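Structure file model-v6.cif (mmCIF, C-alpha atoms) is printed below.
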data_data
#
loop_
_atom_site.label_atom_id
_atom_site.label_comp_id
_atom_site.auth_asym_id
_atom_site.auth_seq_id
_atom_site.Cartn_x
_atom_site.Cartn_y
_atom_site.Cartn_z
CA MET A 15 7.55 17.27 -11.27
CA ALA A 16 9.03 14.66 -13.61
CA ILE A 17 11.86 12.38 -12.51
CA THR A 18 14.68 12.40 -15.07
CA LYS A 19 17.26 10.15 -13.41
CA LYS A 20 18.52 7.06 -15.26
CA ALA A 21 19.63 3.67 -13.99
CA ARG A 22 23.28 4.72 -14.17
CA ASP A 23 22.54 7.65 -11.84
CA ILE A 24 20.96 5.68 -9.00
CA MET A 25 22.33 2.11 -9.14
CA GLN A 26 24.56 0.50 -6.53
CA THR A 27 27.89 -0.36 -8.15
CA ASP A 28 29.12 -2.34 -5.13
CA TYR A 29 26.46 -5.00 -4.65
CA PRO A 30 26.24 -8.37 -2.85
CA ALA A 31 26.97 -11.34 -5.11
CA VAL A 32 27.65 -15.07 -4.68
CA ASP A 33 28.07 -18.17 -6.80
CA LYS A 34 24.86 -20.17 -7.12
CA ASP A 35 26.63 -23.24 -5.68
CA GLU A 36 27.65 -21.45 -2.49
CA THR A 37 25.91 -22.47 0.74
CA LEU A 38 22.96 -20.58 2.12
CA GLU A 39 25.07 -19.91 5.21
CA HIS A 40 27.72 -18.11 3.12
CA ALA A 41 25.12 -16.10 1.20
CA VAL A 42 23.55 -14.88 4.45
CA ARG A 43 26.97 -13.71 5.65
CA VAL A 44 27.37 -11.75 2.41
CA MET A 45 23.94 -10.16 2.90
CA LYS A 46 24.93 -9.07 6.41
CA LYS A 47 28.23 -7.64 5.18
CA TYR A 48 26.36 -5.45 2.69
CA ASP A 49 23.43 -4.76 5.06
CA SER A 50 21.20 -6.07 2.29
CA ASP A 51 18.18 -8.35 2.04
CA ARG A 52 19.33 -9.90 -1.26
CA VAL A 53 22.25 -11.21 -3.29
CA LEU A 54 22.80 -11.57 -7.01
CA THR A 55 23.75 -15.12 -7.96
CA PHE A 56 26.24 -16.05 -10.66
CA GLU A 57 27.54 -19.09 -12.52
CA ASP A 58 30.88 -18.68 -14.29
CA ASP A 59 30.51 -14.87 -14.09
CA LYS A 60 27.06 -15.03 -15.70
CA LEU A 61 24.05 -13.68 -13.82
CA VAL A 62 21.65 -16.56 -13.23
CA GLY A 63 19.41 -15.41 -10.36
CA ILE A 64 18.60 -13.35 -7.29
CA MET A 65 18.08 -14.67 -3.78
CA THR A 66 16.20 -12.54 -1.25
CA LYS A 67 15.14 -12.76 2.37
CA LYS A 68 11.64 -13.42 1.02
CA ASP A 69 12.95 -16.52 -0.79
CA ILE A 70 14.45 -17.67 2.51
CA MET A 71 11.21 -16.97 4.39
CA VAL A 72 9.19 -18.89 1.83
CA LYS A 73 11.37 -21.99 1.67
CA LEU A 74 13.22 -22.36 4.96
CA ALA A 75 10.24 -23.27 7.14
CA THR A 76 9.01 -26.00 4.81
CA LEU A 77 9.17 -29.66 5.75
CA ARG A 78 11.76 -30.29 3.04
CA THR A 79 14.32 -27.87 4.51
CA ARG A 80 13.40 -27.97 8.19
CA ASN A 81 15.78 -30.80 9.02
CA VAL A 82 18.71 -29.76 6.82
CA ALA A 83 21.70 -27.77 8.14
CA LEU A 84 22.35 -24.32 6.64
CA GLY A 85 25.79 -25.47 5.52
CA ARG A 86 24.22 -28.22 3.41
CA MET A 87 21.68 -26.03 1.58
CA HIS A 88 22.74 -24.15 -1.52
CA VAL A 89 21.78 -20.81 -3.01
CA SER A 90 20.59 -22.50 -6.22
CA SER A 91 17.72 -24.09 -4.25
CA PHE A 92 16.48 -20.73 -2.95
CA MET A 93 17.17 -18.19 -5.71
CA THR A 94 14.71 -16.91 -8.29
CA PRO A 95 16.30 -17.74 -11.67
CA ASP A 96 16.55 -15.56 -14.80
CA PRO A 97 15.89 -12.18 -13.19
CA LYS A 98 14.54 -9.21 -15.10
CA THR A 99 17.23 -6.64 -15.92
CA VAL A 100 17.44 -3.04 -17.17
CA GLY A 101 20.04 -1.05 -19.07
CA LEU A 102 22.17 1.89 -17.98
CA GLU A 103 19.95 4.38 -19.77
CA THR A 104 16.60 3.06 -18.53
CA ASP A 105 14.79 5.91 -16.82
CA ALA A 106 13.81 5.69 -13.15
CA ALA A 107 10.05 5.85 -13.79
CA THR A 108 10.30 2.85 -16.13
CA ILE A 109 12.37 0.97 -13.55
CA ALA A 110 9.71 1.72 -10.93
CA GLN A 111 6.94 0.55 -13.26
CA VAL A 112 8.74 -2.74 -13.95
CA MET A 113 9.05 -3.32 -10.19
CA VAL A 114 5.34 -2.64 -9.77
CA ASP A 115 4.24 -4.76 -12.74
CA GLU A 116 6.47 -7.71 -11.87
CA GLY A 117 6.02 -7.49 -8.09
CA ILE A 118 9.79 -7.45 -7.54
CA GLY A 119 12.07 -5.44 -5.28
CA SER A 120 15.23 -5.10 -7.37
CA LEU A 121 16.62 -5.01 -10.89
CA PRO A 122 20.21 -5.75 -11.97
CA VAL A 123 21.59 -3.17 -14.39
CA VAL A 124 23.30 -4.78 -17.38
CA ASP A 125 25.72 -3.15 -19.82
CA ASP A 126 27.11 -5.08 -22.79
CA GLY A 127 26.05 -8.38 -21.23
CA LYS A 128 27.74 -7.69 -17.88
CA VAL A 129 26.17 -6.64 -14.60
CA ALA A 130 27.10 -3.02 -13.93
CA GLY A 131 24.99 -2.44 -10.85
CA LEU A 132 21.89 -3.18 -8.83
CA ILE A 133 18.81 -1.08 -8.17
CA THR A 134 16.54 -1.90 -5.22
CA ARG A 135 13.34 -0.31 -3.97
CA TRP A 136 15.48 1.95 -1.79
CA GLU A 137 17.26 3.63 -4.73
CA VAL A 138 13.91 4.25 -6.42
CA ALA A 139 12.14 5.40 -3.26
CA ASN A 140 14.93 7.89 -2.49
CA LEU A 141 13.79 9.82 -5.56
CA VAL A 142 10.71 11.07 -3.72
CA GLU A 143 12.99 13.81 -2.40
CA GLU A 144 13.03 15.24 -5.92
CA ILE A 145 9.25 15.48 -5.88
CA GLY A 146 9.34 17.63 -2.76
CA ALA A 147 6.77 17.88 -0.02
CA ASP A 148 3.74 18.35 -2.31
CA VAL A 149 2.70 14.70 -2.00
CA LYS A 150 1.14 13.74 1.32
CA VAL A 151 1.02 10.38 3.04
CA VAL A 152 -2.76 10.28 2.65
CA ASP A 153 -2.28 10.32 -1.14
CA VAL A 154 -0.26 7.09 -1.19
CA MET A 155 -1.02 5.12 1.98
CA VAL A 156 -2.82 1.79 1.94
CA THR A 157 -4.96 0.14 4.58
CA VAL A 158 -3.47 -2.64 6.69
CA PRO A 159 -4.72 -5.83 5.03
CA GLU A 160 -5.12 -7.71 8.32
CA VAL A 161 -4.27 -6.85 11.91
CA LEU A 162 -1.21 -8.60 13.34
CA ARG A 163 -1.21 -9.20 17.10
CA THR A 164 1.67 -9.88 19.49
CA THR A 165 0.07 -13.23 20.33
CA ASN A 166 -0.13 -14.41 16.71
CA LYS A 167 2.24 -17.15 15.64
CA VAL A 168 5.14 -16.24 13.39
CA LEU A 169 3.93 -18.80 10.85
CA HIS A 170 0.67 -16.84 10.68
CA ALA A 171 2.61 -13.60 10.09
CA ARG A 172 4.53 -15.34 7.30
CA GLN A 173 1.23 -16.39 5.76
CA LEU A 174 -0.10 -12.81 5.84
CA LEU A 175 3.07 -11.34 4.32
CA LEU A 176 2.79 -13.80 1.43
CA ARG A 177 -0.99 -13.70 0.99
CA TYR A 178 -1.14 -9.92 0.71
CA ASN A 179 2.32 -9.49 -0.84
CA VAL A 180 3.27 -6.82 1.72
CA ILE A 181 6.71 -6.04 3.11
CA PHE A 182 5.74 -4.34 6.40
CA LEU A 183 3.05 -5.13 8.98
CA PRO A 184 2.37 -3.13 12.17
CA VAL A 185 1.77 -5.17 15.35
CA LEU A 186 -0.93 -4.34 17.91
CA ASP A 187 -1.20 -5.62 21.48
CA GLU A 188 -4.39 -7.11 22.88
CA GLU A 189 -5.66 -3.61 23.77
CA GLY A 190 -5.20 -2.46 20.19
CA ARG A 191 -2.14 -0.30 20.87
CA LEU A 192 0.58 -0.06 18.25
CA VAL A 193 3.63 -1.70 19.82
CA GLY A 194 5.81 -3.10 17.06
CA TYR A 195 6.21 -4.17 13.47
CA LEU A 196 7.40 -7.06 11.35
CA THR A 197 8.89 -7.33 7.89
CA VAL A 198 9.97 -10.26 5.77
CA ASP A 199 13.48 -9.75 7.18
CA GLU A 200 12.55 -10.49 10.81
CA VAL A 201 10.69 -13.67 9.84
CA ALA A 202 13.51 -14.92 7.60
CA ASP A 203 16.11 -14.10 10.26
CA ALA A 204 14.09 -15.99 12.87
CA PHE A 205 13.98 -19.10 10.67
CA LEU A 206 17.72 -18.80 10.00
CA ALA A 207 18.43 -18.53 13.72
CA PHE A 208 16.32 -21.61 14.40
CA HIS A 209 18.35 -23.64 11.95
CA ASP A 210 21.53 -22.35 13.51
CA ILE A 211 20.79 -22.89 17.21
CA VAL A 212 17.86 -25.30 17.63
CA PRO A 213 18.58 -29.04 17.39
CA GLU A 214 16.90 -30.72 14.43
CA LYS A 215 14.46 -32.81 16.48
CA PHE A 216 13.01 -29.72 18.22
CA ARG A 217 12.69 -27.40 15.19
CA LYS A 218 9.18 -28.33 14.04
CA GLU A 219 7.56 -27.88 17.44
CA ARG A 220 9.44 -24.70 18.35
CA ILE A 221 8.88 -22.97 15.01
CA GLU A 222 5.18 -23.72 15.29
CA HIS A 223 5.05 -22.09 18.74
CA LEU A 224 7.16 -19.02 17.96
CA LEU A 225 5.14 -15.84 18.54
CA VAL A 226 5.21 -12.45 16.82
CA ASP A 227 6.05 -10.94 20.22
CA ASP A 228 9.28 -12.96 20.23
CA ILE A 229 10.72 -11.50 17.01
CA MET A 230 8.98 -8.18 16.26
CA ARG A 231 10.84 -4.88 16.23
CA LEU A 232 9.68 -2.33 18.79
CA ARG A 233 8.73 1.36 18.45
CA PRO A 234 7.49 1.42 14.85
CA PRO A 235 8.09 4.62 12.91
CA THR A 236 4.87 6.61 12.56
CA VAL A 237 3.56 9.48 10.46
CA SER A 238 0.22 11.26 10.19
CA PRO A 239 -1.93 11.27 7.04
CA ASP A 240 -0.93 14.93 6.52
CA SER A 241 2.81 14.22 6.67
CA SER A 242 4.78 14.44 3.44
CA VAL A 243 6.06 11.31 1.74
CA VAL A 244 9.56 12.75 2.21
CA GLU A 245 9.06 12.58 5.99
CA ALA A 246 7.83 8.98 5.65
CA LEU A 247 10.97 8.10 3.70
CA GLU A 248 13.22 9.79 6.27
CA LYS A 249 11.64 7.77 9.09
CA MET A 250 12.11 4.53 7.13
CA ARG A 251 15.78 5.39 6.64
CA LEU A 252 16.24 6.27 10.30
CA LYS A 253 14.86 2.90 11.42
CA LYS A 254 16.31 1.04 8.41
CA THR A 255 12.92 -0.50 7.78
CA LYS A 256 10.64 -0.86 4.78
CA GLY A 257 7.57 0.95 6.02
CA VAL A 258 5.91 3.34 8.45
CA ALA A 259 2.62 3.13 10.30
CA VAL A 260 0.11 5.90 9.60
CA VAL A 261 -1.58 7.07 12.79
CA HIS A 262 -4.50 9.50 13.21
CA ASP A 263 -5.98 10.46 16.60
CA GLY A 264 -3.93 7.72 18.22
CA LYS A 265 -5.28 5.00 15.92
CA LEU A 266 -3.60 3.01 13.18
CA VAL A 267 -5.23 3.98 9.87
CA GLY A 268 -2.78 2.63 7.28
CA ILE A 269 0.79 2.03 6.19
CA VAL A 270 3.23 3.46 3.69
CA THR A 271 5.97 1.14 2.51
CA LEU A 272 8.74 1.27 -0.06
CA ASN A 273 6.24 -0.28 -2.46
CA GLU A 274 3.96 2.76 -2.30
CA LEU A 275 6.92 5.11 -2.87
CA VAL A 276 8.03 3.05 -5.88
CA LYS A 277 4.49 3.26 -7.29
CA LEU A 278 4.62 7.03 -6.84
CA ILE A 279 7.88 7.27 -8.81
CA ALA A 280 6.33 5.14 -11.56
CA THR A 281 3.80 7.92 -12.14
CA ARG A 282 6.44 10.66 -12.39
CA GLY A 283 8.18 9.89 -15.67
CA SER A 284 9.14 12.62 -18.10
#
When written as structure tokens, how does the structure in this file appear?
Amino acid sequence: MAITKKARDIMQTDYPAVDKDETLEHAVRVMKKYDSDRVLTFEDDKLVGIMTKKDIMVKLATLRTRNVALGRMHVSSFMTPDPKTVGLETDAATIAQVMVDEGIGSLPVVDDGKVAGLITRWEVANLVEEIGADVKVVDVMVTVPEVLRTTNKVLHARQLLLRYNVIFLPVLDEEGRLVGYLTVDEVADAFLAFHDIVPEKFRKERIEHLLVDDIMRLRPPTVSPDSSVVEALEKMRLKKTKGVAVVHDGKLVGIVTLNELVKLIATRGS
């Protein structure tokens, strides 16, 4: 079944936005207010970038930022400049394909030079409901690139998320049982919390000793390979997370994330 929706049909019209010269601290408050992992950034009402939790995860643990207070860091130092955009009439499959090709999680929608809305992976992934239950998890799932353990350091988890460009990683305990999961959001939030509550002179040592077990989310959503992608989406929504673990005979066999659902939509153009 072809997807016929356009950007205007699925975009958020009330989206998080800040000035590029605002502090990182302020931008994070705006993200929380909108329950979002990103903000559009402007200069004199002109769109100049996007800042995401991934940008924060990438840059906040570096030596350059480790000793700087959140209130002294600015959005312009974290944002990705000159973001790709789409128009109101761009069809959803094309939007999905751009996300896949560019490796990005959102696209501002521009009309007559002005930002009219924002489309994230969620708006695209929600379209799997139009496909129905004919697509199974086994058709779209991917293998876990590398096992993440509760005893791994958070800096190692950060490295894996970046190396494999994934947005969701299941966590196993030392007996190989599925006990939790991590996304870019948990890692970024942990680094933000460190800057907020840990004195400067202790940050380096404590960040280096922070474990996955300390910050992971518990009870990961699970589906079987024979589940429909609609069920996978529903479980992601319920947990407000970007992926589900695929389990067969009690064992982890793969994951389905918003990325896989976006790729599916990219194949369903008219």
- Task: Using all atoms listed in the file, find the one residue out of A:Arg22, A:Leu132, A:Ile181, A:Gly101 that sits nearest to Gly117 in chain A.
- Result: A:Ile181
- Neighbours of range 191-197 of chain A within 10 Å (all atoms listed in the file; same-chain residues fewer than 2 positions away dropped), as a VMD selection string? chain A and resid 67 to 68 162 to 164 168 171 to 172 175 180 to 189 199 to 202 226 to 227 229 to 236 255 to 259 261 264 to 266
- Target residues per the PyMOL selection byres ((chain A and resi 47-63) around 6), formatted as a ChimeraX atom specification: /A:30-34,44-46,64-67,93-97
- Starting from the point (16.5, 7.7, 2.4), work out which residues of protein, DNA or RNA have an atom no more than 8 Å away when counting all atoms listed in the file; state them as a PyMOL selection string. chain A and resi 136+139-140+247-248+250-251
Hey, could you pull the box centre and edge lengths for range 218-236 of chain A, axis-aligned, 3 Å padding per side, all listed atoms, to one decimal in Å, as lines of an AutoDock Vina configuration file?
center_x = 7.9
center_y = -10.9
center_z = 16.4
size_x = 12.0
size_y = 40.9
size_z = 13.7
- Note on the structure: Residue with the minimum atom-to-atom distance to Val149 in chain A, picked from A:Val114, A:Leu252, A:Met25, A:Val244 with all atoms listed in the file counted, is A:Val244
- Residue members of the PyMOL selection byres ((chain A and resi 146) around 9) in the file shown, as a PyMOL selection string: chain A and resi 15+142-145+147-149+242-244
- One decimal, Å: what's the distance from CA of Asn273 in chain A over to CA of Gly127 in chain A, could you say? 28.5 Å
- Query: Given the file above and the PyMOL selection byres ((chain A and resi 151) around 9), which residues are selected, and can you give them as a PyMOL selection string?
  - Reply: chain A and resi 149-150+152-155+237-246+260+269-270
Go ahead and save the residues from that selection, with C-alpha atoms, as a short mmCIF file (atom, residue, chain, number, x, y, z; two decimals), keeping the file's coordinate frame.
data_model
loop_
_atom_site.label_atom_id
_atom_site.label_comp_id
_atom_site.auth_asym_id
_atom_site.auth_seq_id
_atom_site.Cartn_x
_atom_site.Cartn_y
_atom_site.Cartn_z
CA VAL A 149 2.70 14.70 -2.00
CA LYS A 150 1.14 13.74 1.32
CA VAL A 152 -2.76 10.28 2.65
CA ASP A 153 -2.28 10.32 -1.14
CA VAL A 154 -0.26 7.09 -1.19
CA MET A 155 -1.02 5.12 1.98
CA VAL A 237 3.56 9.48 10.46
CA SER A 238 0.22 11.26 10.19
CA PRO A 239 -1.93 11.27 7.04
CA ASP A 240 -0.93 14.93 6.52
CA SER A 241 2.81 14.22 6.67
CA SER A 242 4.78 14.44 3.44
CA VAL A 243 6.06 11.31 1.74
CA VAL A 244 9.56 12.75 2.21
CA GLU A 245 9.06 12.58 5.99
CA ALA A 246 7.83 8.98 5.65
CA VAL A 260 0.11 5.90 9.60
CA ILE A 269 0.79 2.03 6.19
CA VAL A 270 3.23 3.46 3.69
#
- Note on the structure: One decimal place gives the CA of Ile17 in chain A-CA of Tyr178 in chain A separation as 29.0 Å
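One finds CA of Lys249 in chain A at 25.7 Å from CA of Thr108 in chain A.
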- Message: Taking (18.8, 10.6, -12.3) as a centre in this file's frame and 12 Å as the limit, can you find every polymer residue with an atom that close, using all atoms listed in the file, and give them as a ChimeraX atom specification?
- Response: /A:16-25,102-107,109,137-138,140-144,279,283-284
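Distances from A:Val198, A:Leu278, A:Met71, A:Leu38 to Ser91 in chain A were compared using all atoms listed in the file, and the smallest one belongs to A:Leu38.
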